[in-house]
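Here's the structure we're looking at; comments come further down.
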Amino acid sequence: MEVSKNHLSGWDDFKMSVHLDSLEKETISFPLLRLEDVSYLHYGPLFLELREGECIAIRGPSGAGKSLFLKVVADLFPHEGTLWLQGKSSTTFTPEAWRQQVGLLLPVSQWWASSIENHFPILPSKEALEALGLTEPLLKKAPQSLSTGQLQRFALLRLLAHEPKVLLLDEPTAHVDPKNAKRMETYVLEYQQAKKAGIIWVTHDEEQVSRMATRFFHFKKGVLMSESH
Amino acid sequence: MKAIEISSLDLSIVAGLMLLFSGFTFWQQLHIERSLLIGAARAWIQLWIIGILLKILFHHVSVTWILLFVLAMFLVAIHEVHARQHHQLVTKWRYAMSAGSLFLTAFSLVMFTLWALIHPPLWYQPQYLLPLLGMVLANTMTGVSLSMDSFMGSLVSQEAMILQRLALGQSAKEAVSDLRREAVRRALIPSINAMATAGIVSLPGMMTGQIIAGSSPTLAVKYQILILFLITISTGLGILLALHWLFRYLFDERERLRLERIKNYK
């Protein structure tokens, strides 16, 4: 009986390894993130592919639906169509797993616990804090005692603590002073290179767009249009 | 000892005092004299009608009429749960939510108490079923209503916070855990206060009634403890059930907050 069990599990392992092999090969050719025929409210159908290590910028006037678009990609807003991450549909992920892999940074961060450090699954390193002009004692402080700019930099660290593969940045430096905005840009670029992460960056800052992104889009009549910079 | 009779003249004197008090509030420009008079008139009329109905039910004990009476109590309670809520769900299922949470708690707890503890000659003996159910149902109704309103209000006012927590990969349950706790606390506090102050600040209504009617204070105390516990358990369970269904309705299968399912939420 035991022999036959072993035999079965061996065969299953073999099948699994063949399956995984072919899956890995396929994964290489998949884009990091793909939006297929996605529509919501009066937007869409939208198609978009984001490759590993790529940063794309989305521009458009206020109220064009850029923030809502990021919420759709984070699966926080109901939509039609399919979101793919490395060839796997969002529905094969739990909502929690999807949102940790496809991390959204909101323009104004929200804090619920009594101190900053209680919001982190793993506390950020001293180097990471310094890179963003923050210090360790600030971690012990209550969120309401920090400035909006400091909170936003902590929010970036909090987001990256989950090591997302895709970053959805919704005007991340809108409430941050220029010096610290540059620090955030540099930090994001380093993360992008180290993790080969893909980024969708929504901003009104033209200079920032040209520094960070390699492809550019804007919303026109509810459809995402590619544009040359 | 039999209770001392109250004559119609006695009642009219108290009603006169109520009129005087309403006049006083009018003179003080408190703008509540209308509500006071309507409330007083409603109480007078409703209680007379219920008195007559109960007299008939007590003399001609019929399971059909008693159950119809119970049904009417439930229908009014279900309506009242939603009557004064600031936020309403768009779906008619809201009535099923409150009906389910009232029926599964108040009705089943009272039935259990009658069947397993009090043992009246008939399970539907109106002298026991109706007052017990009335007290438990009224308190559960208030608790369910308060908790639903408080929870929906928090979801609307804390939308950005919930979105943030979901965006960081928290489950919907985790993202609203504080709000749920607060809604339960707020709605259960009156019941907890009633237990904590019973007998010290005031003699509770049921006990007072029994003592005036001639029961021994010891028996009145036993009934009072029973009813206080029943009320708290029923209210607590009713709140948890209502919030569970509300949560299931306001978050979809992908754990997205669906505030558009609340009427005029913006």
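Each chain in the structure tokens gets a letter, A, B and so on, in the order shown; residues start at 1 in every chain, and ligands are counted from 1 in the order they appear.
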Selection: 10 Å around Arg84 in chain B, only C-alpha atoms, excl. self and same-chain fewer than 6 positions, as a list in words: Ser145, Leu146 and Asp149 of chain B
Taking 6 positions as the minimum chain separation for residues in the same chain, which residues sit within 10 Å of Arg158 in chain A when counting only C-alpha atoms? Answer as a VMD selection string. (chain A and resid 105 116 to 117 119 to 124 152) or (chain B and resid 168)
Go through range 31-112 of chain A and flag each residue having an atom no more than 9 Å from range 128-144 of chain A; for those, report the closest pair of atoms plus their distance in Å to one decimal, using only C-alpha atoms, ordered by chain and rising number, as a Markdown table.
| residue | atom | partner | partner_atom | distance |
| --- | --- | --- | --- | --- |
| A:Gln110 | CA | A:Pro143 | CA | 8.9 |
| A:Trp111 | CA | A:Pro143 | CA | 6.5 |
| A:Trp112 | CA | A:Pro143 | CA | 8.2 |
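Residues in contact with range 101-114 of chain B at 9 Å, where only C-alpha atoms are counted and same-chain residues fewer than 6 positions away are skipped, are listed as Phe74, Ala77, Ile78, Pro120, Trp123, Tyr124, Tyr128, Leu129, Leu132, Leu133, Val136, Leu137, Thr140, Met141, Val144, Leu226, Leu230, Ile231, Ile233, Ser234, Thr235, Gly236, Leu237, Gly238, Ile239, Leu240, Leu241 and Ala242 of chain B.
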With N, CA and C atoms kept, could you save the residues just selected as a PDB file, in the first residue's frame?
ATOM      1  N   PHE B  74     -43.741  41.996  15.596  1.00  0.00           N
ATOM      2  CA  PHE B  74     -42.535  41.882  14.769  1.00  0.00           C
ATOM      3  C   PHE B  74     -42.549  42.868  13.611  1.00  0.00           C
ATOM      4  N   ALA B  77     -41.795  46.243  14.834  1.00  0.00           N
ATOM      5  CA  ALA B  77     -40.378  46.329  15.236  1.00  0.00           C
ATOM      6  C   ALA B  77     -39.470  46.434  14.013  1.00  0.00           C
ATOM      7  N   ILE B  78     -39.766  45.633  12.979  1.00  0.00           N
ATOM      8  CA  ILE B  78     -38.946  45.646  11.756  1.00  0.00           C
ATOM      9  C   ILE B  78     -39.017  47.031  11.110  1.00  0.00           C
ATOM     10  N   PRO B 120     -44.856  27.650  31.593  1.00  0.00           N
ATOM     11  CA  PRO B 120     -46.272  28.019  31.762  1.00  0.00           C
ATOM     12  C   PRO B 120     -47.145  26.853  31.286  1.00  0.00           C
ATOM     13  N   TRP B 123     -47.415  26.861  26.016  1.00  0.00           N
ATOM     14  CA  TRP B 123     -46.191  27.567  25.569  1.00  0.00           C
ATOM     15  C   TRP B 123     -46.515  28.972  25.072  1.00  0.00           C
ATOM     16  N   TYR B 124     -47.769  29.163  24.649  1.00  0.00           N
ATOM     17  CA  TYR B 124     -48.143  30.483  24.134  1.00  0.00           C
ATOM     18  C   TYR B 124     -48.967  31.265  25.155  1.00  0.00           C
ATOM     19  N   TYR B 128     -47.434  35.423  29.832  1.00  0.00           N
ATOM     20  CA  TYR B 128     -45.970  35.311  29.912  1.00  0.00           C
ATOM     21  C   TYR B 128     -45.329  35.670  28.576  1.00  0.00           C
ATOM     22  N   LEU B 129     -45.847  35.069  27.496  1.00  0.00           N
ATOM     23  CA  LEU B 129     -45.229  35.250  26.178  1.00  0.00           C
ATOM     24  C   LEU B 129     -45.204  36.727  25.767  1.00  0.00           C
ATOM     25  N   LEU B 132     -42.912  39.260  28.018  1.00  0.00           N
ATOM     26  CA  LEU B 132     -41.485  38.918  27.881  1.00  0.00           C
ATOM     27  C   LEU B 132     -40.988  39.269  26.486  1.00  0.00           C
ATOM     28  N   LEU B 133     -41.753  38.821  25.477  1.00  0.00           N
ATOM     29  CA  LEU B 133     -41.341  39.073  24.091  1.00  0.00           C
ATOM     30  C   LEU B 133     -41.310  40.578  23.818  1.00  0.00           C
ATOM     31  N   VAL B 136     -38.077  42.079  25.393  1.00  0.00           N
ATOM     32  CA  VAL B 136     -36.852  41.640  24.705  1.00  0.00           C
ATOM     33  C   VAL B 136     -36.826  42.213  23.279  1.00  0.00           C
ATOM     34  N   LEU B 137     -37.961  42.155  22.611  1.00  0.00           N
ATOM     35  CA  LEU B 137     -38.032  42.618  21.224  1.00  0.00           C
ATOM     36  C   LEU B 137     -37.744  44.119  21.128  1.00  0.00           C
ATOM     37  N   THR B 140     -34.025  44.724  21.678  1.00  0.00           N
ATOM     38  CA  THR B 140     -33.225  44.216  20.558  1.00  0.00           C
ATOM     39  C   THR B 140     -33.394  45.131  19.349  1.00  0.00           C
ATOM     40  N   MET B 141     -34.631  45.563  19.126  1.00  0.00           N
ATOM     41  CA  MET B 141     -34.937  46.467  18.015  1.00  0.00           C
ATOM     42  C   MET B 141     -34.087  47.743  18.115  1.00  0.00           C
ATOM     43  N   VAL B 144     -30.354  46.849  17.424  1.00  0.00           N
ATOM     44  CA  VAL B 144     -30.087  46.544  16.002  1.00  0.00           C
ATOM     45  C   VAL B 144     -30.102  47.847  15.186  1.00  0.00           C
ATOM     46  N   LEU B 226     -33.824  37.660  35.175  1.00  0.00           N
ATOM     47  CA  LEU B 226     -34.061  36.869  33.960  1.00  0.00           C
ATOM     48  C   LEU B 226     -34.236  37.781  32.750  1.00  0.00           C
ATOM     49  N   LEU B 230     -31.819  38.267  29.479  1.00  0.00           N
ATOM     50  CA  LEU B 230     -32.390  37.943  28.158  1.00  0.00           C
ATOM     51  C   LEU B 230     -32.234  39.127  27.208  1.00  0.00           C
ATOM     52  N   ILE B 231     -32.544  40.328  27.728  1.00  0.00           N
ATOM     53  CA  ILE B 231     -32.467  41.534  26.895  1.00  0.00           C
ATOM     54  C   ILE B 231     -31.034  41.736  26.386  1.00  0.00           C
ATOM     55  N   ILE B 233     -28.507  39.552  26.136  1.00  0.00           N
ATOM     56  CA  ILE B 233     -28.058  38.495  25.217  1.00  0.00           C
ATOM     57  C   ILE B 233     -28.724  38.686  23.854  1.00  0.00           C
ATOM     58  N   SER B 234     -30.033  38.916  23.872  1.00  0.00           N
ATOM     59  CA  SER B 234     -30.764  39.057  22.616  1.00  0.00           C
ATOM     60  C   SER B 234     -30.277  40.289  21.839  1.00  0.00           C
ATOM     61  N   THR B 235     -30.088  41.398  22.547  1.00  0.00           N
ATOM     62  CA  THR B 235     -29.618  42.610  21.877  1.00  0.00           C
ATOM     63  C   THR B 235     -28.226  42.378  21.286  1.00  0.00           C
ATOM     64  N   GLY B 236     -27.351  41.789  22.074  1.00  0.00           N
ATOM     65  CA  GLY B 236     -25.979  41.540  21.605  1.00  0.00           C
ATOM     66  C   GLY B 236     -25.961  40.649  20.375  1.00  0.00           C
ATOM     67  N   LEU B 237     -26.697  39.535  20.445  1.00  0.00           N
ATOM     68  CA  LEU B 237     -26.698  38.608  19.300  1.00  0.00           C
ATOM     69  C   LEU B 237     -27.365  39.258  18.088  1.00  0.00           C
ATOM     70  N   GLY B 238     -28.442  40.001  18.324  1.00  0.00           N
ATOM     71  CA  GLY B 238     -29.138  40.688  17.230  1.00  0.00           C
ATOM     72  C   GLY B 238     -28.216  41.667  16.529  1.00  0.00           C
ATOM     73  N   ILE B 239     -27.436  42.407  17.313  1.00  0.00           N
ATOM     74  CA  ILE B 239     -26.487  43.379  16.754  1.00  0.00           C
ATOM     75  C   ILE B 239     -25.441  42.651  15.900  1.00  0.00           C
ATOM     76  N   LEU B 240     -24.891  41.567  16.439  1.00  0.00           N
ATOM     77  CA  LEU B 240     -23.837  40.843  15.709  1.00  0.00           C
ATOM     78  C   LEU B 240     -24.367  40.288  14.387  1.00  0.00           C
ATOM     79  N   LEU B 241     -25.596  39.739  14.441  1.00  0.00           N
ATOM     80  CA  LEU B 241     -26.184  39.192  13.212  1.00  0.00           C
ATOM     81  C   LEU B 241     -26.426  40.287  12.177  1.00  0.00           C
ATOM     82  N   ALA B 242     -27.029  41.391  12.633  1.00  0.00           N
ATOM     83  CA  ALA B 242     -27.346  42.482  11.710  1.00  0.00           C
ATOM     84  C   ALA B 242     -26.069  43.040  11.090  1.00  0.00           C
TER      85      ALA B 242
END
Under the rule of at most 9 Å, produce a per-residue listing of chain B near chain A: chain, number, name, the closest pair of atoms, and the distance in Å, as CSV, using only C-alpha atoms.
residue,atom,partner,partner_atom,distance
B:Ala160,CA,A:Gln110,CA,7.2
B:Met161,CA,A:Gln110,CA,5.5
B:Ile162,CA,A:Gln110,CA,8.8
B:Leu163,CA,A:Leu76,CA,7.6
B:Gln164,CA,A:Gln110,CA,6.2
B:Arg165,CA,A:Gln110,CA,8.2
B:Leu166,CA,A:Glu96,CA,7.4
B:Ala167,CA,A:Arg99,CA,5.7
B:Leu168,CA,A:Gln100,CA,6.1
B:Gly169,CA,A:Glu96,CA,4.3
B:Gln170,CA,A:Glu96,CA,5.9
B:Ser171,CA,A:Glu96,CA,5.9
B:Ala172,CA,A:Glu96,CA,8.8
B:Asp252,CA,A:Pro78,CA,8.9
B:Glu253,CA,A:Pro95,CA,8.9
B:Arg254,CA,A:Pro95,CA,5.6
B:Glu255,CA,A:Pro95,CA,6.6
B:Arg256,CA,A:Leu76,CA,5.4
B:Leu257,CA,A:Leu76,CA,7.7
B:Arg258,CA,A:Phe77,CA,8.5
What lies within 7 Å of Ile211 in chain B using only C-alpha atoms, ignoring chain neighbours under 5 positions off, as a short mmCIF file (atom, residue, chain, number, x, y, z; two decimals) with all heavy atoms, in the first residue's frame?
data_model
loop_
_atom_site.label_atom_id
_atom_site.label_comp_id
_atom_site.auth_asym_id
_atom_site.auth_seq_id
_atom_site.Cartn_x
_atom_site.Cartn_y
_atom_site.Cartn_z
N SER B 216 -44.21 38.89 45.54
CA SER B 216 -43.17 39.07 46.56
C SER B 216 -41.94 39.68 45.88
O SER B 216 -41.64 39.35 44.73
CB SER B 216 -42.81 37.73 47.18
OG SER B 216 -41.86 37.07 46.39
N PRO B 217 -41.23 40.58 46.57
CA PRO B 217 -40.05 41.20 45.97
C PRO B 217 -39.03 40.17 45.49
O PRO B 217 -38.36 40.38 44.48
CB PRO B 217 -39.48 42.06 47.10
CG PRO B 217 -40.64 42.36 47.97
CD PRO B 217 -41.53 41.15 47.90
N ALA B 220 -40.10 38.98 42.19
CA ALA B 220 -39.95 40.09 41.24
C ALA B 220 -38.48 40.24 40.84
O ALA B 220 -38.17 40.48 39.66
CB ALA B 220 -40.46 41.38 41.86
#
Just asking: which residues within range 3-219 of chain A are helix (DSSP H, G or I) according to DSSP, as a ChimeraX atom specification? /A:3-29,66-73,90-92,95-101,116-119,126-131,136-139,143-145,148-160,178-195,206-212
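If only C-alpha atoms are the atoms counted, then among A:Asp37, A:Thr203, A:Phe154, A:Tyr187 the closest residue to Pro172 in chain A is A:Thr203.
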Spatial neighbours of Val221 in chain B, max dist 12 Å, only C-alpha atoms, sep filter under 2 positions, as number ranges by chain: B: 198-199, 203-211, 215-219, 223-228
Just the residues within 12 Å of Ser62 in chain B, please, counting only C-alpha atoms, with nothing from its chain fewer than 5 positions along; format it as a PyMOL selection string. chain B and resi 54+56-57+67-69+122-126
List every residue of range 110-219 of chain A that DSSP, applied to the backbone of this structure, places in strand (DSSP E or B), and write the result as a PyMOL selection string. chain A and resi 166-170+198-202+215-219
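Considering only C-alpha atoms, the residue among A:Gly53, A:Pro178, A:Pro107, A:Gly44 positioned nearest to Val202 in chain A is A:Pro107.
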